[in-house]
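Trainee: Quick one, data.cif (mmCIF, C-alpha atoms and all ligand atoms):
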data_upload
loop_
_atom_site.group_PDB
_atom_site.id
_atom_site.type_symbol
_atom_site.label_atom_id
_atom_site.label_comp_id
_atom_site.auth_asym_id
_atom_site.auth_seq_id
_atom_site.Cartn_x
_atom_site.Cartn_y
_atom_site.Cartn_z
ATOM 1 C CA MET X 4 13.048 -10.344 11.670
ATOM 2 C CA THR X 5 15.886 -8.881 9.694
ATOM 3 C CA GLY X 6 16.431 -10.045 6.161
ATOM 4 C CA VAL X 7 18.935 -8.902 3.574
ATOM 5 C CA TYR X 8 16.669 -6.167 2.199
ATOM 6 C CA THR X 9 14.116 -5.620 4.957
ATOM 7 C CA GLU X 10 13.866 -5.119 8.687
ATOM 8 C CA GLY X 11 10.595 -6.064 10.321
ATOM 9 C CA LYS X 12 9.246 -5.718 13.827
ATOM 10 C CA ILE X 13 6.008 -6.561 15.538
ATOM 11 C CA ASP X 14 4.493 -4.962 18.595
ATOM 12 C CA GLY X 15 1.108 -6.442 19.471
ATOM 13 C CA ARG X 16 -1.412 -5.445 16.835
ATOM 14 C CA ILE X 17 1.005 -3.351 14.792
ATOM 15 C CA ALA X 18 3.915 -4.428 12.582
ATOM 16 C CA GLU X 19 6.479 -2.313 10.778
ATOM 17 C CA LEU X 20 8.475 -3.289 7.736
ATOM 18 C CA ALA X 21 11.392 -1.153 6.561
ATOM 19 C CA MET X 22 12.938 -1.608 3.144
ATOM 20 C CA ILE X 23 16.663 -1.297 3.804
ATOM 21 C CA ARG X 24 18.152 -1.328 0.321
ATOM 22 C CA ALA X 25 19.073 2.326 0.647
ATOM 23 C CA ASP X 26 22.159 2.135 -1.597
ATOM 24 C CA LYS X 27 19.790 1.298 -4.483
ATOM 25 C CA ARG X 28 17.059 3.699 -3.300
ATOM 26 C CA ASN X 29 15.038 0.630 -2.294
ATOM 27 C CA ALA X 30 14.677 -0.458 -5.919
ATOM 28 C CA MET X 31 12.500 -3.562 -5.924
ATOM 29 C CA SER X 32 14.647 -6.553 -6.729
ATOM 30 C CA GLU X 33 13.139 -10.030 -6.777
ATOM 31 C CA GLY X 34 14.831 -10.582 -3.428
ATOM 32 C CA LEU X 35 13.163 -7.527 -1.858
ATOM 33 C CA LEU X 36 9.759 -8.526 -3.230
ATOM 34 C CA ARG X 37 10.221 -12.045 -1.828
ATOM 35 C CA GLU X 38 11.125 -10.704 1.607
ATOM 36 C CA ILE X 39 8.048 -8.462 1.691
ATOM 37 C CA GLU X 40 5.866 -11.455 0.830
ATOM 38 C CA ALA X 41 7.564 -13.692 3.397
ATOM 39 C CA PHE X 42 7.064 -11.063 6.120
ATOM 40 C CA VAL X 43 3.373 -10.652 5.292
ATOM 41 C CA ASP X 44 2.825 -14.431 5.079
ATOM 42 C CA ALA X 45 4.412 -14.984 8.490
ATOM 43 C CA LEU X 46 2.484 -12.280 10.367
ATOM 44 C CA PRO X 47 0.756 -13.601 13.474
ATOM 45 C CA ASP X 48 -3.059 -13.388 13.493
ATOM 46 C CA ALA X 49 -2.883 -10.685 16.173
ATOM 47 C CA VAL X 50 -1.371 -8.160 13.742
ATOM 48 C CA ARG X 51 -4.004 -5.840 12.316
ATOM 49 C CA VAL X 52 -1.997 -3.000 10.815
ATOM 50 C CA VAL X 53 1.328 -2.959 8.984
ATOM 51 C CA ILE X 54 3.414 0.157 8.364
ATOM 52 C CA LEU X 55 5.696 0.134 5.343
ATOM 53 C CA HIS X 56 8.568 2.563 4.906
ATOM 54 C CA GLY X 57 11.941 2.933 3.228
ATOM 55 C CA GLN X 58 15.265 3.538 4.895
ATOM 56 C CA GLY X 59 17.644 6.200 3.589
ATOM 57 C CA GLY X 60 15.223 8.915 2.472
ATOM 58 C CA HIS X 61 13.451 6.992 -0.302
ATOM 59 C CA PHE X 62 10.333 4.839 -0.166
ATOM 60 C CA CYS X 63 11.019 2.787 -3.315
ATOM 61 C CA ALA X 64 12.606 3.677 -6.678
ATOM 62 C CA GLY X 65 10.533 1.043 -8.481
ATOM 63 C CA LEU X 66 11.522 -2.080 -10.292
ATOM 64 C CA ASP X 67 15.210 -2.949 -10.096
ATOM 65 C CA LEU X 68 16.114 -2.034 -13.663
ATOM 66 C CA ASN X 69 19.160 -4.310 -13.563
ATOM 67 C CA GLU X 70 16.835 -7.306 -13.516
ATOM 68 C CA VAL X 71 14.651 -6.253 -16.483
ATOM 69 C CA VAL X 72 17.345 -6.879 -19.038
ATOM 70 C CA GLU X 73 17.755 -10.433 -17.792
ATOM 71 C CA HIS X 74 14.115 -11.405 -18.478
ATOM 72 C CA THR X 75 12.784 -13.323 -21.448
ATOM 73 C CA GLY X 76 9.218 -12.400 -22.452
ATOM 74 C CA GLU X 77 7.887 -15.423 -20.621
ATOM 75 C CA GLU X 78 9.816 -14.593 -17.466
ATOM 76 C CA GLY X 79 8.524 -11.030 -17.716
ATOM 77 C CA VAL X 80 4.928 -12.258 -17.478
ATOM 78 C CA TYR X 81 5.670 -14.434 -14.456
ATOM 79 C CA HIS X 82 7.591 -11.584 -12.851
ATOM 80 C CA SER X 83 4.689 -9.160 -13.269
ATOM 81 C CA ARG X 84 2.329 -11.796 -11.864
ATOM 82 C CA ASP X 85 4.643 -12.134 -8.845
ATOM 83 C CA TRP X 86 4.129 -8.427 -8.181
ATOM 84 C CA HIS X 87 0.372 -8.832 -8.533
ATOM 85 C CA ARG X 88 0.298 -11.733 -6.095
ATOM 86 C CA VAL X 89 2.369 -9.944 -3.470
ATOM 87 C CA LEU X 90 0.615 -6.575 -3.761
ATOM 88 C CA ASP X 91 -2.804 -8.268 -3.624
ATOM 89 C CA LYS X 92 -1.737 -9.743 -0.286
ATOM 90 C CA LEU X 93 -1.319 -6.177 0.950
ATOM 91 C CA HIS X 94 -4.322 -4.603 -0.704
ATOM 92 C CA GLN X 95 -6.873 -7.369 -0.208
ATOM 93 C CA GLY X 96 -5.316 -9.611 2.392
ATOM 94 C CA GLY X 97 -7.556 -8.437 5.228
ATOM 95 C CA ARG X 98 -5.040 -6.330 7.151
ATOM 96 C CA VAL X 99 -4.616 -2.575 6.948
ATOM 97 C CA PHE X 100 -1.375 -1.334 5.353
ATOM 98 C CA ILE X 101 0.012 2.168 5.783
ATOM 99 C CA SER X 102 2.793 3.722 3.657
ATOM 100 C CA ALA X 103 5.048 6.287 5.297
ATOM 101 C CA MET X 104 6.542 7.826 2.172
ATOM 102 C CA THR X 105 9.737 9.786 1.585
ATOM 103 C CA GLY X 106 11.696 10.580 -1.592
ATOM 104 C CA ALA X 107 11.184 8.299 -4.563
ATOM 105 C CA VAL X 108 7.732 6.770 -4.944
ATOM 106 C CA ILE X 109 8.496 5.860 -8.505
ATOM 107 C CA GLY X 110 7.170 3.233 -10.913
ATOM 108 C CA GLY X 111 6.796 0.031 -8.933
ATOM 109 C CA GLY X 112 7.253 2.139 -5.794
ATOM 110 C CA LEU X 113 3.990 3.891 -6.607
ATOM 111 C CA GLU X 114 2.404 0.527 -7.381
ATOM 112 C CA LEU X 115 3.523 -0.678 -3.960
ATOM 113 C CA ALA X 116 2.224 2.454 -2.225
ATOM 114 C CA THR X 117 -1.160 2.303 -3.962
ATOM 115 C CA ALA X 118 -1.592 -1.284 -2.773
ATOM 116 C CA THR X 119 -1.616 0.163 0.764
ATOM 117 C CA HIS X 120 -4.679 1.758 2.289
ATOM 118 C CA ILE X 121 -3.325 4.880 3.981
ATOM 119 C CA ARG X 122 -0.537 6.912 2.386
ATOM 120 C CA ILE X 123 1.409 9.654 4.135
ATOM 121 C CA ALA X 124 3.810 11.901 2.202
ATOM 122 C CA GLU X 125 6.752 13.951 3.454
ATOM 123 C CA PRO X 126 7.848 17.034 1.462
ATOM 124 C CA SER X 127 10.642 15.067 -0.252
ATOM 125 C CA VAL X 128 8.209 12.728 -1.997
ATOM 126 C CA ILE X 129 8.193 12.495 -5.776
ATOM 127 C CA PHE X 130 5.553 10.464 -7.565
ATOM 128 C CA GLN X 131 6.471 9.358 -11.057
ATOM 129 C CA LEU X 132 5.685 6.653 -13.624
ATOM 130 C CA PRO X 133 8.786 6.828 -15.866
ATOM 131 C CA GLU X 134 8.217 3.452 -17.574
ATOM 132 C CA GLY X 135 7.360 5.085 -20.903
ATOM 133 C CA ARG X 136 10.720 6.804 -20.836
ATOM 134 C CA ARG X 137 12.577 3.584 -20.005
ATOM 135 C CA GLY X 138 11.037 1.661 -22.916
ATOM 136 C CA ILE X 139 8.975 -0.562 -20.626
ATOM 137 C CA PHE X 140 5.480 -0.596 -19.112
ATOM 138 C CA VAL X 141 4.010 -0.760 -15.628
ATOM 139 C CA GLY X 142 3.574 -4.328 -14.399
ATOM 140 C CA GLY X 143 2.793 -4.149 -10.697
ATOM 141 C CA GLY X 144 -0.861 -3.158 -10.848
ATOM 142 C CA ALA X 145 -0.701 0.558 -11.718
ATOM 143 C CA THR X 146 -3.076 0.267 -14.676
ATOM 144 C CA VAL X 147 -5.717 -0.809 -12.198
ATOM 145 C CA ARG X 148 -4.808 0.858 -8.896
ATOM 146 C CA VAL X 149 -3.179 4.136 -9.926
ATOM 147 C CA SER X 150 -5.673 4.748 -12.718
ATOM 148 C CA ARG X 151 -8.547 4.210 -10.283
ATOM 149 C CA ILE X 152 -7.099 6.873 -8.004
ATOM 150 C CA ILE X 153 -6.069 9.571 -10.478
ATOM 151 C CA GLY X 154 -8.098 8.436 -13.525
ATOM 152 C CA ALA X 155 -6.862 6.716 -16.684
ATOM 153 C CA ASP X 156 -6.711 10.055 -18.514
ATOM 154 C CA ARG X 157 -4.269 11.583 -16.031
ATOM 155 C CA MET X 158 -2.250 8.389 -15.808
ATOM 156 C CA ILE X 159 -1.849 8.337 -19.588
ATOM 157 C CA GLU X 160 -0.461 11.877 -19.508
ATOM 158 C CA MET X 161 1.728 11.052 -16.492
ATOM 159 C CA MET X 162 3.253 8.062 -18.299
ATOM 160 C CA LEU X 163 3.625 9.752 -21.675
ATOM 161 C CA THR X 164 5.520 12.723 -20.297
ATOM 162 C CA GLY X 165 7.195 11.094 -17.286
ATOM 163 C CA ARG X 166 6.180 14.134 -15.260
ATOM 164 C CA ILE X 167 6.791 14.273 -11.531
ATOM 165 C CA TYR X 168 4.072 15.116 -9.032
ATOM 166 C CA ASP X 169 5.331 16.481 -5.711
ATOM 167 C CA ALA X 170 3.856 15.747 -2.291
ATOM 168 C CA ASP X 171 1.288 18.567 -2.445
ATOM 169 C CA GLU X 172 0.137 17.652 -5.933
ATOM 170 C CA GLY X 173 0.080 13.994 -4.955
ATOM 171 C CA GLN X 174 -2.170 14.793 -2.026
ATOM 172 C CA GLN X 175 -4.547 16.769 -4.240
ATOM 173 C CA LEU X 176 -4.710 13.820 -6.639
ATOM 174 C CA GLY X 177 -5.255 11.257 -3.883
ATOM 175 C CA LEU X 178 -1.877 9.531 -4.226
ATOM 176 C CA ALA X 179 -1.283 10.618 -0.627
ATOM 177 C CA HIS X 180 -3.981 11.019 2.024
ATOM 178 C CA TYR X 181 -1.775 13.022 4.378
ATOM 179 C CA ARG X 182 0.962 15.550 3.659
ATOM 180 C CA VAL X 183 3.228 15.963 6.691
ATOM 181 C CA GLY X 184 6.489 17.751 7.459
ATOM 182 C CA GLU X 185 10.011 16.387 7.151
ATOM 183 C CA GLY X 186 10.554 13.431 9.471
ATOM 184 C CA GLU X 187 6.865 13.197 10.365
ATOM 185 C CA ALA X 188 5.616 10.390 8.120
ATOM 186 C CA LEU X 189 6.579 7.477 10.358
ATOM 187 C CA PRO X 190 5.333 9.096 13.603
ATOM 188 C CA ARG X 191 2.022 9.956 11.865
ATOM 189 C CA ALA X 192 1.797 6.410 10.495
ATOM 190 C CA ARG X 193 2.221 5.072 14.047
ATOM 191 C CA GLU X 194 -0.513 7.370 15.383
ATOM 192 C CA LEU X 195 -2.902 6.309 12.637
ATOM 193 C CA ALA X 196 -1.963 2.646 13.031
ATOM 194 C CA ALA X 197 -2.847 2.773 16.731
ATOM 195 C CA LYS X 198 -6.198 4.335 15.899
ATOM 196 C CA VAL X 199 -7.025 1.854 13.132
ATOM 197 C CA ALA X 200 -5.854 -1.127 15.205
ATOM 198 C CA ALA X 201 -8.358 -0.151 17.907
ATOM 199 C CA ASN X 202 -11.300 -0.405 15.471
ATOM 200 C CA ALA X 203 -13.587 -3.409 15.496
ATOM 201 C CA PRO X 204 -11.635 -6.078 13.552
ATOM 202 C CA MET X 205 -14.594 -7.099 11.387
ATOM 203 C CA SER X 206 -15.245 -3.485 10.380
ATOM 204 C CA ASN X 207 -11.612 -3.103 9.273
ATOM 205 C CA TYR X 208 -11.808 -6.405 7.449
ATOM 206 C CA PHE X 209 -14.909 -5.426 5.514
ATOM 207 C CA ILE X 210 -13.495 -1.995 4.705
ATOM 208 C CA VAL X 211 -10.387 -3.413 3.039
ATOM 209 C CA GLN X 212 -12.002 -6.541 1.600
ATOM 210 C CA ALA X 213 -15.384 -5.320 0.408
ATOM 211 C CA LEU X 214 -14.590 -1.905 -1.033
ATOM 212 C CA PRO X 215 -12.039 -2.888 -3.712
ATOM 213 C CA ARG X 216 -14.231 -5.801 -4.764
ATOM 214 C CA ILE X 217 -17.398 -3.706 -4.899
ATOM 215 C CA ALA X 218 -15.495 -1.246 -7.099
ATOM 216 C CA ASP X 219 -15.224 -4.088 -9.654
ATOM 217 C CA MET X 220 -18.934 -4.932 -9.496
ATOM 218 C CA SER X 221 -22.033 -3.648 -11.183
ATOM 219 C CA HIS X 222 -24.226 -1.184 -9.290
ATOM 220 C CA ALA X 223 -26.738 -3.903 -8.363
ATOM 221 C CA ASP X 224 -24.124 -6.481 -7.310
ATOM 222 C CA GLY X 225 -22.253 -3.863 -5.283
ATOM 223 C CA LEU X 226 -25.338 -2.857 -3.350
ATOM 224 C CA PHE X 227 -26.255 -6.479 -2.634
ATOM 225 C CA THR X 228 -22.717 -7.237 -1.401
ATOM 226 C CA GLU X 229 -22.850 -4.127 0.768
ATOM 227 C CA SER X 230 -26.037 -5.425 2.419
ATOM 228 C CA LEU X 231 -24.355 -8.732 3.267
ATOM 229 C CA ALA X 232 -21.350 -6.973 4.780
ATOM 230 C CA ALA X 233 -23.629 -4.598 6.711
ATOM 231 C CA ALA X 234 -25.717 -7.456 8.104
ATOM 232 C CA LEU X 235 -22.685 -9.569 9.065
ATOM 233 C CA SER X 236 -20.953 -6.674 10.797
ATOM 234 C CA GLN X 237 -24.111 -5.938 12.801
ATOM 235 C CA ILE X 238 -24.179 -9.384 14.387
ATOM 236 C CA THR X 239 -20.623 -9.236 15.753
ATOM 237 C CA PRO X 240 -20.080 -8.638 19.491
ATOM 238 C CA ASP X 241 -18.222 -5.479 18.529
ATOM 239 C CA ALA X 242 -21.361 -3.994 17.001
ATOM 240 C CA ALA X 243 -23.174 -4.494 20.326
ATOM 241 C CA GLU X 244 -20.224 -2.891 22.129
ATOM 242 C CA GLY X 245 -19.990 0.016 19.682
ATOM 243 C CA LEU X 246 -23.652 0.857 20.015
ATOM 244 C CA ALA X 247 -23.699 0.411 23.809
ATOM 245 C CA ALA X 248 -20.634 2.659 24.119
ATOM 246 C CA PHE X 249 -22.353 5.354 22.063
ATOM 247 C CA PHE X 250 -25.472 5.381 24.252
ATOM 248 C CA GLU X 251 -23.460 5.136 27.471
ATOM 249 C CA LYS X 252 -21.334 8.070 26.272
ATOM 250 C CA ARG X 253 -18.021 6.240 26.645
ATOM 251 C CA PRO X 254 -15.317 5.144 24.185
ATOM 252 C CA PRO X 255 -15.921 1.643 22.745
ATOM 253 C CA LYS X 256 -13.686 -1.245 23.769
ATOM 254 C CA PHE X 257 -13.535 -3.619 20.842
ATOM 255 C CA ARG X 258 -12.043 -7.115 20.800
HETATM 256 C C1 LIG N 1 18.529 1.764 -9.199
HETATM 257 C C2 LIG N 1 17.175 2.151 -9.360
HETATM 258 C C3 LIG N 1 16.317 1.237 -10.013
HETATM 259 C C4 LIG N 1 18.200 3.731 -8.339
HETATM 260 N N1 LIG N 1 16.839 0.064 -10.440
HETATM 261 N N2 LIG N 1 18.990 0.595 -9.637
HETATM 262 N N3 LIG N 1 12.451 3.233 -11.639
HETATM 263 C C5 LIG N 1 13.084 4.301 -12.155
HETATM 264 O O1 LIG N 1 13.188 4.484 -13.357
HETATM 265 C C6 LIG N 1 13.729 5.225 -11.167
HETATM 266 C C7 LIG N 1 15.222 5.213 -11.355
HETATM 267 N N4 LIG N 1 15.911 5.932 -10.290
HETATM 268 C C8 LIG N 1 15.992 7.278 -10.239
HETATM 269 O O2 LIG N 1 15.347 8.008 -10.974
HETATM 270 C C9 LIG N 1 16.916 7.857 -9.197
HETATM 271 O O3 LIG N 1 17.811 6.827 -8.805
HETATM 272 C C10 LIG N 1 16.206 8.415 -7.923
HETATM 273 C C11 LIG N 1 15.406 9.660 -8.289
HETATM 274 C C12 LIG N 1 15.282 7.364 -7.314
HETATM 275 C C13 LIG N 1 17.266 8.735 -6.861
HETATM 276 O O4 LIG N 1 18.251 9.587 -7.399
HETATM 277 P P1 LIG N 1 19.660 9.754 -6.663
HETATM 278 O O5 LIG N 1 20.436 10.774 -7.459
HETATM 279 O O6 LIG N 1 19.440 9.981 -5.208
HETATM 280 O O7 LIG N 1 20.388 8.318 -6.755
HETATM 281 P P2 LIG N 1 21.101 7.610 -7.994
HETATM 282 O O8 LIG N 1 22.544 7.999 -8.010
HETATM 283 O O9 LIG N 1 20.342 7.807 -9.271
HETATM 284 O O10 LIG N 1 20.959 6.069 -7.601
HETATM 285 C C14 LIG N 1 21.705 5.502 -6.536
HETATM 286 C C15 LIG N 1 21.952 4.044 -6.891
HETATM 287 O O11 LIG N 1 20.699 3.361 -6.932
HETATM 288 C C16 LIG N 1 22.562 3.886 -8.281
HETATM 289 O O12 LIG N 1 23.364 2.725 -8.258
HETATM 290 P P3 LIG N 1 24.985 2.837 -8.198
HETATM 291 O O13 LIG N 1 25.441 1.420 -8.226
HETATM 292 O O14 LIG N 1 25.371 3.666 -9.400
HETATM 293 O O15 LIG N 1 25.272 3.550 -6.894
HETATM 294 C C17 LIG N 1 21.355 3.608 -9.159
HETATM 295 O O16 LIG N 1 21.683 2.863 -10.327
HETATM 296 C C18 LIG N 1 20.536 2.752 -8.210
HETATM 297 N N5 LIG N 1 19.120 2.773 -8.558
HETATM 298 N N6 LIG N 1 17.018 3.375 -8.825
HETATM 299 C C19 LIG N 1 18.136 -0.234 -10.248
HETATM 300 N N7 LIG N 1 15.036 1.488 -10.183
HETATM 301 C C20 LIG N 1 6.488 -3.960 -11.741
HETATM 302 S S1 LIG N 1 6.933 -3.043 -13.029
HETATM 303 C C21 LIG N 1 7.417 -1.510 -12.439
HETATM 304 C C22 LIG N 1 8.231 -0.804 -13.473
HETATM 305 C C23 LIG N 1 9.063 0.279 -12.847
HETATM 306 O O17 LIG N 1 9.101 0.415 -11.655
HETATM 307 S S2 LIG N 1 9.919 1.276 -13.931
HETATM 308 C C24 LIG N 1 10.578 2.529 -12.939
HETATM 309 C C25 LIG N 1 11.929 2.170 -12.423
#
Can the structure from this file be put into structure tokens for me?
Ligand code: 1HE
Mentor:
Amino acid sequence: MTGVYTEGKIDGRIAELAMIRADKRNAMSEGLLREIEAFVDALPDAVRVVILHGQGGHFCAGLDLNEVVEHTGEEGVYHSRDWHRVLDKLHQGGRVFISAMTGAVIGGGLELATATHIRIAEPSVIFQLPEGRRGIFVGGGATVRVSRIIGADRMIEMMLTGRIYDADEGQQLGLAHYRVGEGEALPRARELAAKVAANAPMSNYFIVQALPRIADMSHADGLFTESLAAALSQITPDAAEGLAAFFEKRPPKFR
């Protein structure tokens, strides 16, 4: 599954997608965005976890700035909505996405990473939102996703000054969940993917589907939705297996 800008592979429950536009630091051109969407759309049902990474030492240097100048205002809106559609497929599409991050996680690269559920940072990682310094604005979901992680207040300061957070700072802020050594992000992503892929599928599904939605709800609506998810998960065969395995003191074997 090799495209012009991506290289994908699938092994049972786990898929990997590499962005291979290394000469442009994996800057997100319309072509790259389209290939990511096509890969996700074509995933077989069996795939539960997808690892995303960038070839050449950088995760993604954000929006391809060559393409911005070509947009009319109207095209700019549609373009931003394209990002939203694709990143929603990652964030709330029902599968678990893991980012193995190196180098630039900048602008749209950070928007891409924060649409994934588990983020692993190598020492080379730099997190930045330089849009304010380029005369543009974020358009791939950062106002919602990044601000929910680090807070609107900190995101405002980050955008105003264009400051860079390194891997350690990013981990403290929640932009990364794991901080690993050089060359360790992809191996750690594979370990975590194997673990997550062995979970009960309905539990994973509810975790990635219910939580972001409940975050948008009122207290009362969130609690009610939680009860529905709890009740539905309890009547799956995997719940019976999980509980039996606990009492029989053995590891569970989910579907
Ligand atoms: C690019 C891009 C890009 C690199 N669009 N071409 N993102 C940014 O503002 C980040 C801009 N990039 C950088 O700050 C640096 O390139 C890096 C820190 C990522 C890497 O630095 P370095 O020294 O390793 O590489 P370089 O020499 O700067 O770049 C190598 C090539 O990649 C060069 O092209 P070349 O033809 O001169 O070799 C760069 O022009 C090209 N390149 N980044 C286009 N982003 C949904 S809205 C989101 C809005 C945003 O994402 S704004 C933030 C955009």
Trainee: Would you mind telling me which residue in X:Gly142, X:Thr239, X:Val53, X:Glu160 lies nearest to X:Gly79 when using all atoms listed in the file?
Mentor: X:Gly142
Trainee: Pick out the closest residue to ligand LIG 1 (chain N) from this set: X:Val43, X:Ala30, X:Leu178, X:Ile153. Count all atoms listed in the file.
Mentor: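 Under the stated criterion, the closest residue is X:Ala30.
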Trainee: Could you expand the PyMOL selection byres (((chain X and resi 115) around 9) and not hetatm) into the explicit residues it covers here, written as a PDB file with C-alpha atoms, keeping the file's coordinate frame?
Mentor:
ATOM      1  CA  CYS X  63      11.019   2.787  -3.315  1.00  0.00           C
ATOM      2  CA  GLY X  65      10.533   1.043  -8.481  1.00  0.00           C
ATOM      3  CA  TRP X  86       4.129  -8.427  -8.181  1.00  0.00           C
ATOM      4  CA  LEU X  90       0.615  -6.575  -3.761  1.00  0.00           C
ATOM      5  CA  LEU X  93      -1.319  -6.177   0.950  1.00  0.00           C
ATOM      6  CA  SER X 102       2.793   3.722   3.657  1.00  0.00           C
ATOM      7  CA  VAL X 108       7.732   6.770  -4.944  1.00  0.00           C
ATOM      8  CA  GLY X 110       7.170   3.233 -10.913  1.00  0.00           C
ATOM      9  CA  GLY X 111       6.796   0.031  -8.933  1.00  0.00           C
ATOM     10  CA  GLY X 112       7.253   2.139  -5.794  1.00  0.00           C
ATOM     11  CA  LEU X 113       3.990   3.891  -6.607  1.00  0.00           C
ATOM     12  CA  GLU X 114       2.404   0.527  -7.381  1.00  0.00           C
ATOM     13  CA  ALA X 116       2.224   2.454  -2.225  1.00  0.00           C
ATOM     14  CA  THR X 117      -1.160   2.303  -3.962  1.00  0.00           C
ATOM     15  CA  ALA X 118      -1.592  -1.284  -2.773  1.00  0.00           C
ATOM     16  CA  THR X 119      -1.616   0.163   0.764  1.00  0.00           C
ATOM     17  CA  GLY X 143       2.793  -4.149 -10.697  1.00  0.00           C
ATOM     18  CA  GLY X 144      -0.861  -3.158 -10.848  1.00  0.00           C
ATOM     19  CA  ALA X 145      -0.701   0.558 -11.718  1.00  0.00           C
TER      20      ALA X 145
END
Trainee: Write as a list of chain:residue names the residues around ligand LIG 1 (chain N), taking 6 Å as the cut-off and counting all atoms listed in the file.
Mentor: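 Counting all atoms listed in the file, the residues within 6 Å of ligand LIG 1 (chain N) come out as X:Asp26, X:Lys27, X:Arg28, X:Ala30, X:Ala64, X:Gly65, X:Leu66, X:Asp67, X:Leu68, X:Asn69, X:Ser83, X:Ala107, X:Ile109, X:Gly110, X:Gly111, X:Pro133, X:Glu134, X:Val141, X:Gly142, X:Gly143.
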Trainee: May I ask which of the residues X:Pro190, X:Gly135, X:Gly225, X:Gly15 is the closest one to X:Arg166, counting all atoms listed in the file?
Mentor: X:Gly135
Trainee: Hey, what's within 7 Å of X:Ala192 if we count only C-alpha atoms and toss same-chain stuff fewer than 4 positions away? As a PDB file with C-alpha atoms, in the frame of the given file, please?
Mentor:
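Output contents, as saved in part-v4.pdb:
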ATOM      1  CA  ILE X  54       3.414   0.157   8.364  1.00  0.00           C
ATOM      2  CA  ILE X 101       0.012   2.168   5.783  1.00  0.00           C
ATOM      3  CA  ALA X 103       5.048   6.287   5.297  1.00  0.00           C
ATOM      4  CA  ALA X 188       5.616  10.390   8.120  1.00  0.00           C
ATOM      5  CA  ALA X 196      -1.963   2.646  13.031  1.00  0.00           C
TER       6      ALA X 196
END
Trainee: For this file, the PyMOL selection byres (((chain X and resi 16) around 6) and not hetatm) selects which residues, as a VMD selection string?
Mentor: chain X and resid 15 17 49 to 51
Trainee: Do you have the atom CA of X:Val128-atom CA of X:Thr105 distance handy?
Mentor: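 Distance reported for this atom pair: 4.9 Å.
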Trainee: Please determine, counting all atoms listed in the file, which residue among X:Ala25, X:Val99, X:Ile129, X:Val89 has the shortest atom-to-atom distance to X:Ala201.
Mentor: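 Result for the nearest residue to X:Ala201: X:Val99.
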Trainee: Go ahead and compute the interatomic distance for atom CA of X:Phe257 and atom CA of X:Ile217, in Å to one decimal.
Mentor: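 According to the coordinates, atom CA of X:Phe257 and atom CA of X:Ile217 are separated by 26.0 Å.
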Trainee: Nearest to X:Glu229: which of X:Leu214, X:Ile139, X:Met161, X:Ala242 is it, counting all atoms listed in the file?
Mentor: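 Among the listed residues, the smallest separation from X:Glu229 belongs to X:Leu214.
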Trainee: Which residue gives the smallest distance to X:Ser32 among X:Ala170, X:Val183, X:Val71, X:Leu176, with only C-alpha atoms counted?
Mentor: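 Comparing X:Ala170, X:Val183, X:Val71, X:Leu176 against X:Ser32, the winner is X:Val71.
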Trainee: Could you tell me which residues the PyMOL selection byres (((chain X and resi 45) around 12) and not hetatm) returns for this structure, as a list in words?
Mentor: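 That selection, the PyMOL selection byres (((chain X and resi 45) around 12) and not hetatm), comes back as Met4, Gly11, Lys12, Ile13, Ala18, Glu38, Ile39, Glu40, Ala41, Phe42, Val43, Asp44, Leu46, Pro47, Asp48, Ala49, Val50 and Lys92 of chain X.
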Trainee: For stretch 72-81 of chain X, which lacks atoms in the input, supply N, CA and C atoms and format the output as a compact mmCIF listing (two decimals), in the coordinates of the input.
Mentor:
# COMPACT_ATOMS: atom_id res chain seq x y z
N VAL X 72 16.60 -6.44 -17.86
CA VAL X 72 17.34 -6.88 -19.04
C VAL X 72 17.60 -8.38 -19.05
N GLU X 73 17.49 -8.99 -17.86
CA GLU X 73 17.76 -10.43 -17.79
C GLU X 73 16.53 -11.28 -18.13
N HIS X 74 15.35 -10.64 -18.28
CA HIS X 74 14.12 -11.40 -18.48
C HIS X 74 13.84 -11.77 -19.93
N THR X 75 13.40 -13.00 -20.17
CA THR X 75 12.78 -13.32 -21.45
C THR X 75 11.34 -12.82 -21.35
N GLY X 76 10.62 -12.84 -22.47
CA GLY X 76 9.22 -12.40 -22.45
C GLY X 76 8.40 -13.21 -21.46
N GLU X 77 8.63 -14.52 -21.51
CA GLU X 77 7.89 -15.42 -20.62
C GLU X 77 8.18 -15.11 -19.15
N GLU X 78 9.45 -14.91 -18.85
CA GLU X 78 9.82 -14.59 -17.47
C GLU X 78 9.22 -13.25 -17.04
N GLY X 79 9.11 -12.34 -18.01
CA GLY X 79 8.52 -11.03 -17.72
C GLY X 79 7.08 -11.15 -17.25
N VAL X 80 6.33 -12.05 -17.89
CA VAL X 80 4.93 -12.26 -17.48
C VAL X 80 4.88 -12.81 -16.06
N TYR X 81 5.68 -13.84 -15.80
CA TYR X 81 5.67 -14.43 -14.46
C TYR X 81 6.10 -13.41 -13.41
